[in-house]
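J.: model.cif is the file, holding mmCIF, C-alpha atoms; chains and numbers go by the auth columns:
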data_my_file
loop_
_atom_site.group_PDB
_atom_site.id
_atom_site.type_symbol
_atom_site.label_atom_id
_atom_site.label_comp_id
_atom_site.label_asym_id
_atom_site.label_seq_id
_atom_site.Cartn_x
_atom_site.Cartn_y
_atom_site.Cartn_z
_atom_site.B_iso_or_equiv
_atom_site.auth_seq_id
_atom_site.auth_asym_id
ATOM 1 C CA MET A 1 -3.572 -31.217 41.810 0.00 1 D
ATOM 2 C CA SER A 2 -5.840 -31.826 38.815 0.00 2 D
ATOM 3 C CA ASP A 3 -9.593 -32.254 39.157 0.00 3 D
ATOM 4 C CA PRO A 4 -10.250 -36.026 39.619 0.00 4 D
ATOM 5 C CA LEU A 5 -13.629 -35.707 37.884 0.00 5 D
ATOM 6 C CA PHE A 6 -12.278 -33.869 34.870 0.00 6 D
ATOM 7 C CA HIS A 7 -13.413 -35.200 31.515 0.00 7 D
ATOM 8 C CA ARG A 8 -11.205 -37.511 29.485 0.00 8 D
ATOM 9 C CA SER A 9 -11.026 -36.834 25.760 0.00 9 D
ATOM 10 C CA GLY A 10 -9.198 -38.076 22.704 0.00 10 D
ATOM 11 C CA SER A 11 -8.438 -34.673 21.184 0.00 11 D
ATOM 12 C CA ALA A 12 -8.570 -30.956 21.796 0.00 12 D
ATOM 13 C CA THR A 13 -11.477 -30.686 19.346 0.00 13 D
ATOM 14 C CA ASN A 14 -13.365 -33.406 21.196 0.00 14 D
ATOM 15 C CA ALA A 15 -12.668 -31.686 24.529 0.00 15 D
ATOM 16 C CA ALA A 16 -13.948 -28.366 23.173 0.00 16 D
ATOM 17 C CA GLY A 17 -17.131 -30.050 21.946 0.00 17 D
ATOM 18 C CA GLU A 18 -17.668 -31.722 25.306 0.00 18 D
ATOM 19 C CA ALA A 19 -17.103 -28.436 27.131 0.00 19 D
ATOM 20 C CA ALA A 20 -19.581 -26.641 24.871 0.00 20 D
ATOM 21 C CA HIS A 21 -22.190 -29.381 25.432 0.00 21 D
ATOM 22 C CA THR A 22 -21.705 -29.249 29.200 0.00 22 D
ATOM 23 C CA GLU A 23 -21.780 -25.448 29.225 0.00 23 D
ATOM 24 C CA ALA A 24 -25.016 -25.412 27.205 0.00 24 D
ATOM 25 C CA ALA A 25 -26.622 -27.874 29.625 0.00 25 D
ATOM 26 C CA MET A 26 -25.404 -25.885 32.638 0.00 26 D
ATOM 27 C CA LYS A 27 -27.114 -22.750 31.324 0.00 27 D
ATOM 28 C CA GLN A 28 -30.434 -24.574 31.246 0.00 28 D
ATOM 29 C CA LEU A 29 -30.345 -26.264 34.651 0.00 29 D
ATOM 30 C CA GLU A 30 -33.413 -25.443 36.702 0.00 30 D
ATOM 31 C CA THR A 31 -33.134 -23.425 39.886 0.00 31 D
ATOM 32 C CA ILE A 32 -34.807 -25.413 42.651 0.00 32 D
ATOM 33 C CA PRO A 33 -35.372 -24.985 46.390 0.00 33 D
ATOM 34 C CA GLN A 34 -32.318 -26.258 48.268 0.00 34 D
ATOM 35 C CA PRO A 35 -33.117 -29.419 50.247 0.00 35 D
ATOM 36 C CA LYS A 36 -32.904 -29.139 54.022 0.00 36 D
ATOM 37 C CA ASP A 37 -32.140 -32.852 54.361 0.00 37 D
ATOM 38 C CA TRP A 38 -29.220 -32.716 51.913 0.00 38 D
ATOM 39 C CA LYS A 39 -27.137 -35.331 53.728 0.00 39 D
ATOM 40 C CA ALA A 40 -29.944 -37.906 53.427 0.00 40 D
ATOM 41 C CA LEU A 41 -30.599 -37.582 49.682 0.00 41 D
ATOM 42 C CA GLU A 42 -30.788 -40.902 47.862 0.00 42 D
ATOM 43 C CA ARG A 43 -29.161 -41.837 44.589 0.00 43 D
ATOM 44 C CA HIS A 44 -31.479 -41.948 41.580 0.00 44 D
ATOM 45 C CA PRO A 45 -31.571 -45.388 39.858 0.00 45 D
ATOM 46 C CA ILE A 46 -30.243 -43.882 36.596 0.00 46 D
ATOM 47 C CA SER A 47 -27.223 -42.505 38.456 0.00 47 D
ATOM 48 C CA ALA A 48 -26.694 -45.882 40.130 0.00 48 D
ATOM 49 C CA GLU A 49 -25.960 -47.407 36.718 0.00 49 D
ATOM 50 C CA TYR A 50 -22.521 -45.768 36.976 0.00 50 D
ATOM 51 C CA ASP A 51 -19.798 -47.069 39.263 0.00 51 D
ATOM 52 C CA ASP A 52 -18.604 -45.168 42.313 0.00 52 D
ATOM 53 C CA ILE A 53 -15.094 -43.804 42.435 0.00 53 D
ATOM 54 C CA VAL A 54 -13.122 -45.966 44.896 0.00 54 D
ATOM 55 C CA GLY A 55 -9.594 -46.400 46.216 0.00 55 D
ATOM 56 C CA PRO A 56 -6.848 -43.865 45.475 0.00 56 D
ATOM 57 C CA PRO A 57 -8.936 -41.856 42.954 0.00 57 D
ATOM 58 C CA TRP A 58 -11.603 -41.391 45.651 0.00 58 D
ATOM 59 C CA GLU A 59 -9.013 -40.275 48.185 0.00 59 D
ATOM 60 C CA GLN A 60 -7.619 -37.813 45.600 0.00 60 D
ATOM 61 C CA PHE A 61 -11.108 -36.459 44.982 0.00 61 D
ATOM 62 C CA LEU A 62 -11.717 -35.952 48.718 0.00 62 D
ATOM 63 C CA GLU A 63 -8.368 -34.195 49.037 0.00 63 D
ATOM 64 C CA TYR A 64 -9.292 -31.957 46.100 0.00 64 D
ATOM 65 C CA LEU A 65 -12.610 -31.057 47.764 0.00 65 D
ATOM 66 C CA LYS A 66 -10.825 -30.329 51.048 0.00 66 D
ATOM 67 C CA THR A 67 -8.248 -28.034 49.477 0.00 67 D
ATOM 68 C CA GLU A 68 -10.131 -26.444 46.575 0.00 68 D
ATOM 69 C CA GLY A 69 -13.773 -26.752 47.582 0.00 69 D
ATOM 70 C CA ILE A 70 -16.541 -27.151 45.034 0.00 70 D
ATOM 71 C CA VAL A 71 -15.501 -25.551 41.761 0.00 71 D
ATOM 72 C CA ALA A 72 -18.230 -24.854 39.157 0.00 72 D
ATOM 73 C CA ARG A 73 -20.256 -28.013 39.845 0.00 73 D
ATOM 74 C CA SER A 74 -23.723 -28.640 41.179 0.00 74 D
ATOM 75 C CA VAL A 75 -25.578 -31.772 42.196 0.00 75 D
ATOM 76 C CA VAL A 76 -28.529 -32.388 39.861 0.00 76 D
ATOM 77 C CA LEU A 77 -31.749 -33.669 41.401 0.00 77 D
ATOM 78 C CA PHE A 78 -34.644 -35.433 39.686 0.00 78 D
ATOM 79 C CA GLU A 79 -37.608 -36.896 41.531 0.00 79 D
ATOM 80 C CA ARG A 80 -35.989 -35.655 44.787 0.00 80 D
ATOM 81 C CA LYS A 81 -32.984 -37.948 44.225 0.00 81 D
ATOM 82 C CA VAL A 82 -29.423 -37.323 43.027 0.00 82 D
ATOM 83 C CA LEU A 83 -29.452 -37.840 39.267 0.00 83 D
ATOM 84 C CA ASP A 84 -26.009 -36.429 38.454 0.00 84 D
ATOM 85 C CA GLY A 85 -23.173 -35.486 40.758 0.00 85 D
ATOM 86 C CA TRP A 86 -23.364 -38.513 43.041 0.00 86 D
ATOM 87 C CA GLN A 87 -19.594 -38.543 43.603 0.00 87 D
ATOM 88 C CA LEU A 88 -19.721 -34.876 44.567 0.00 88 D
ATOM 89 C CA GLN A 89 -22.672 -35.571 46.869 0.00 89 D
ATOM 90 C CA ARG A 90 -20.814 -38.450 48.563 0.00 90 D
ATOM 91 C CA GLY A 91 -17.719 -36.343 49.066 0.00 91 D
ATOM 92 C CA CYS A 92 -19.655 -33.356 50.356 0.00 92 D
ATOM 93 C CA VAL A 93 -21.578 -35.477 52.866 0.00 93 D
ATOM 94 C CA GLU A 94 -18.342 -37.093 54.050 0.00 94 D
ATOM 95 C CA LEU A 95 -16.647 -33.693 54.470 0.00 95 D
ATOM 96 C CA GLY A 96 -19.694 -31.736 55.684 0.00 96 D
ATOM 97 C CA ILE A 97 -19.658 -29.321 52.714 0.00 97 D
ATOM 98 C CA LYS A 98 -23.140 -28.478 51.409 0.00 98 D
ATOM 99 C CA PRO A 99 -23.204 -28.356 47.589 0.00 99 D
ATOM 100 C CA THR A 100 -25.622 -26.384 45.426 0.00 100 D
ATOM 101 C CA TYR A 101 -28.543 -28.342 43.996 0.00 101 D
ATOM 102 C CA VAL A 102 -30.185 -27.792 40.628 0.00 102 D
ATOM 103 C CA GLY A 103 -32.811 -29.588 38.565 0.00 103 D
ATOM 104 C CA VAL A 104 -32.706 -31.250 35.153 0.00 104 D
ATOM 105 C CA PRO A 105 -33.316 -28.769 32.315 0.00 105 D
ATOM 106 C CA ALA A 106 -37.030 -28.440 31.569 0.00 106 D
ATOM 107 C CA GLY A 107 -38.230 -30.945 28.990 0.00 107 D
ATOM 108 C CA MET A 108 -34.977 -32.900 28.896 0.00 108 D
ATOM 109 C CA ASN A 109 -34.981 -36.683 29.169 0.00 109 D
ATOM 110 C CA PRO A 110 -33.200 -37.493 32.468 0.00 110 D
ATOM 111 C CA ARG A 111 -31.466 -40.587 31.051 0.00 111 D
ATOM 112 C CA ARG A 112 -30.061 -38.644 28.086 0.00 112 D
ATOM 113 C CA PHE A 113 -28.963 -35.883 30.447 0.00 113 D
ATOM 114 C CA VAL A 114 -27.002 -38.330 32.616 0.00 114 D
ATOM 115 C CA GLU A 115 -25.518 -40.146 29.629 0.00 115 D
ATOM 116 C CA GLY A 116 -24.342 -36.853 28.139 0.00 116 D
ATOM 117 C CA ARG A 117 -22.773 -35.722 31.391 0.00 117 D
ATOM 118 C CA ASN A 118 -21.123 -39.055 32.248 0.00 118 D
ATOM 119 C CA GLU A 119 -19.955 -40.736 29.069 0.00 119 D
ATOM 120 C CA HIS A 120 -16.482 -39.192 29.280 0.00 120 D
ATOM 121 C CA ARG A 121 -15.856 -39.160 33.020 0.00 121 D
ATOM 122 C CA ARG A 122 -12.299 -40.227 33.745 0.00 122 D
ATOM 123 C CA HIS A 123 -13.102 -42.764 36.489 0.00 123 D
ATOM 124 C CA GLU A 124 -15.160 -44.914 34.115 0.00 124 D
ATOM 125 C CA ASP A 125 -13.335 -47.687 32.310 0.00 125 D
ATOM 126 C CA ALA A 126 -13.580 -48.059 28.523 0.00 126 D
ATOM 127 C CA GLU A 127 -16.240 -50.784 28.769 0.00 127 D
ATOM 128 C CA ARG A 128 -18.618 -48.498 30.700 0.00 128 D
ATOM 129 C CA ILE A 129 -18.486 -45.613 28.202 0.00 129 D
#
Would you mind writing the structure in this file as structure tokens?

T.:
Amino acid sequence: MSDPLFHRSGSATNAAGEAAHTEAAMKQLETIPQPKDWKALERHPISAEYDDIVGPPWEQFLEYLKTEGIVARSVVLFERKVLDGWQLQRGCVELGIKPTYVGVPAGMNPRRFVEGRNEHRRHEDAERI
């Protein structure tokens, strides 16, 4: 089964650029204390500007988490709320799997961070990107 949150791209070159951007951001994510109340974390308002995955794609994502677990993803917190990785957070809470939490890279604008990480997510329709 493919990863339901995998990035959509128009070309191999575009995909490579997106992967490099994501990899660069991942290297800079801040290590933070892991929240004890992880199941009660709220969604940050910037994250809430993006639609939730629903219906069959959501069921596929939950099945992927059940069978494969969390693969190379973390939930990003800002102001003690989920800034990026809300779908992963939802799925982990539903399945009782605690994810790893990280912080926004030091000095990075949280809105730009979220836009860069979400503009090519497959579950978003063309009007949202």

J.: Interatomic distance between atom CA of D:Trp38 and atom CA of D:Gln89?

T.: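 That distance, rounded to one decimal, is 8.7 Å.
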
J.: To one decimal place in Å, what is the distance between atom CA of D:Lys81 and atom CA of D:Arg111?

T.: 13.5 Å

J.: If you count only C-alpha atoms, which residues fall within 7 Å of D:Ser74, apart from same-chain ones fewer than 4 positions away, as a PyMOL selection string?

T.: chain D and resi 85+99-102

J.: Find the distance between atom CA of D:Lys66 and atom CA of D:Val54 and write it in Å to one decimal.

T.: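 Computing it gives 17.0 Å between the two atoms.
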
J.: Name the residues in contact with D:Arg112 at a cut-off of 12 Å, using all atoms listed in the file, excluding same-chain residues fewer than 4 positions from it; report them as JSON, numbers by chain.

T.: {"D": [25, 46, 47, 83, 84, 104, 105, 107, 108, 116, 117, 118, 119]}

J.: I'd like to know which of D:Gln87, D:Gly55, D:Phe78, D:Pro110 is closest to D:Ile32, using only C-alpha atoms.

T.: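 Of D:Gln87, D:Gly55, D:Phe78, D:Pro110, the one nearest D:Ile32, counting only C-alpha atoms, is D:Phe78.
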
J.: Do you know which residues lie at most 12 Å from (-20.7, -38.0, 52.5), with coordinates as in the file and only C-alpha atoms counted, and could you write them as a PyMOL selection string?

T.: chain D and resi 38-42+58+62+65+86-99

J.: Quick one: of D:Thr67, D:Gly103, D:Phe113, D:Leu77, who's nearest to D:Leu29, counting all atoms listed in the file?

T.: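 The shortest atom-to-atom distance to D:Leu29 comes from D:Gly103.
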
J.: Just checking: using only C-alpha atoms, which residue out of D:Pro57, D:Arg80, D:Glu63, D:Arg73 ends up closest to D:Asp37?

T.: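 Answer, going by the shortest atom-to-atom distance: D:Arg80.
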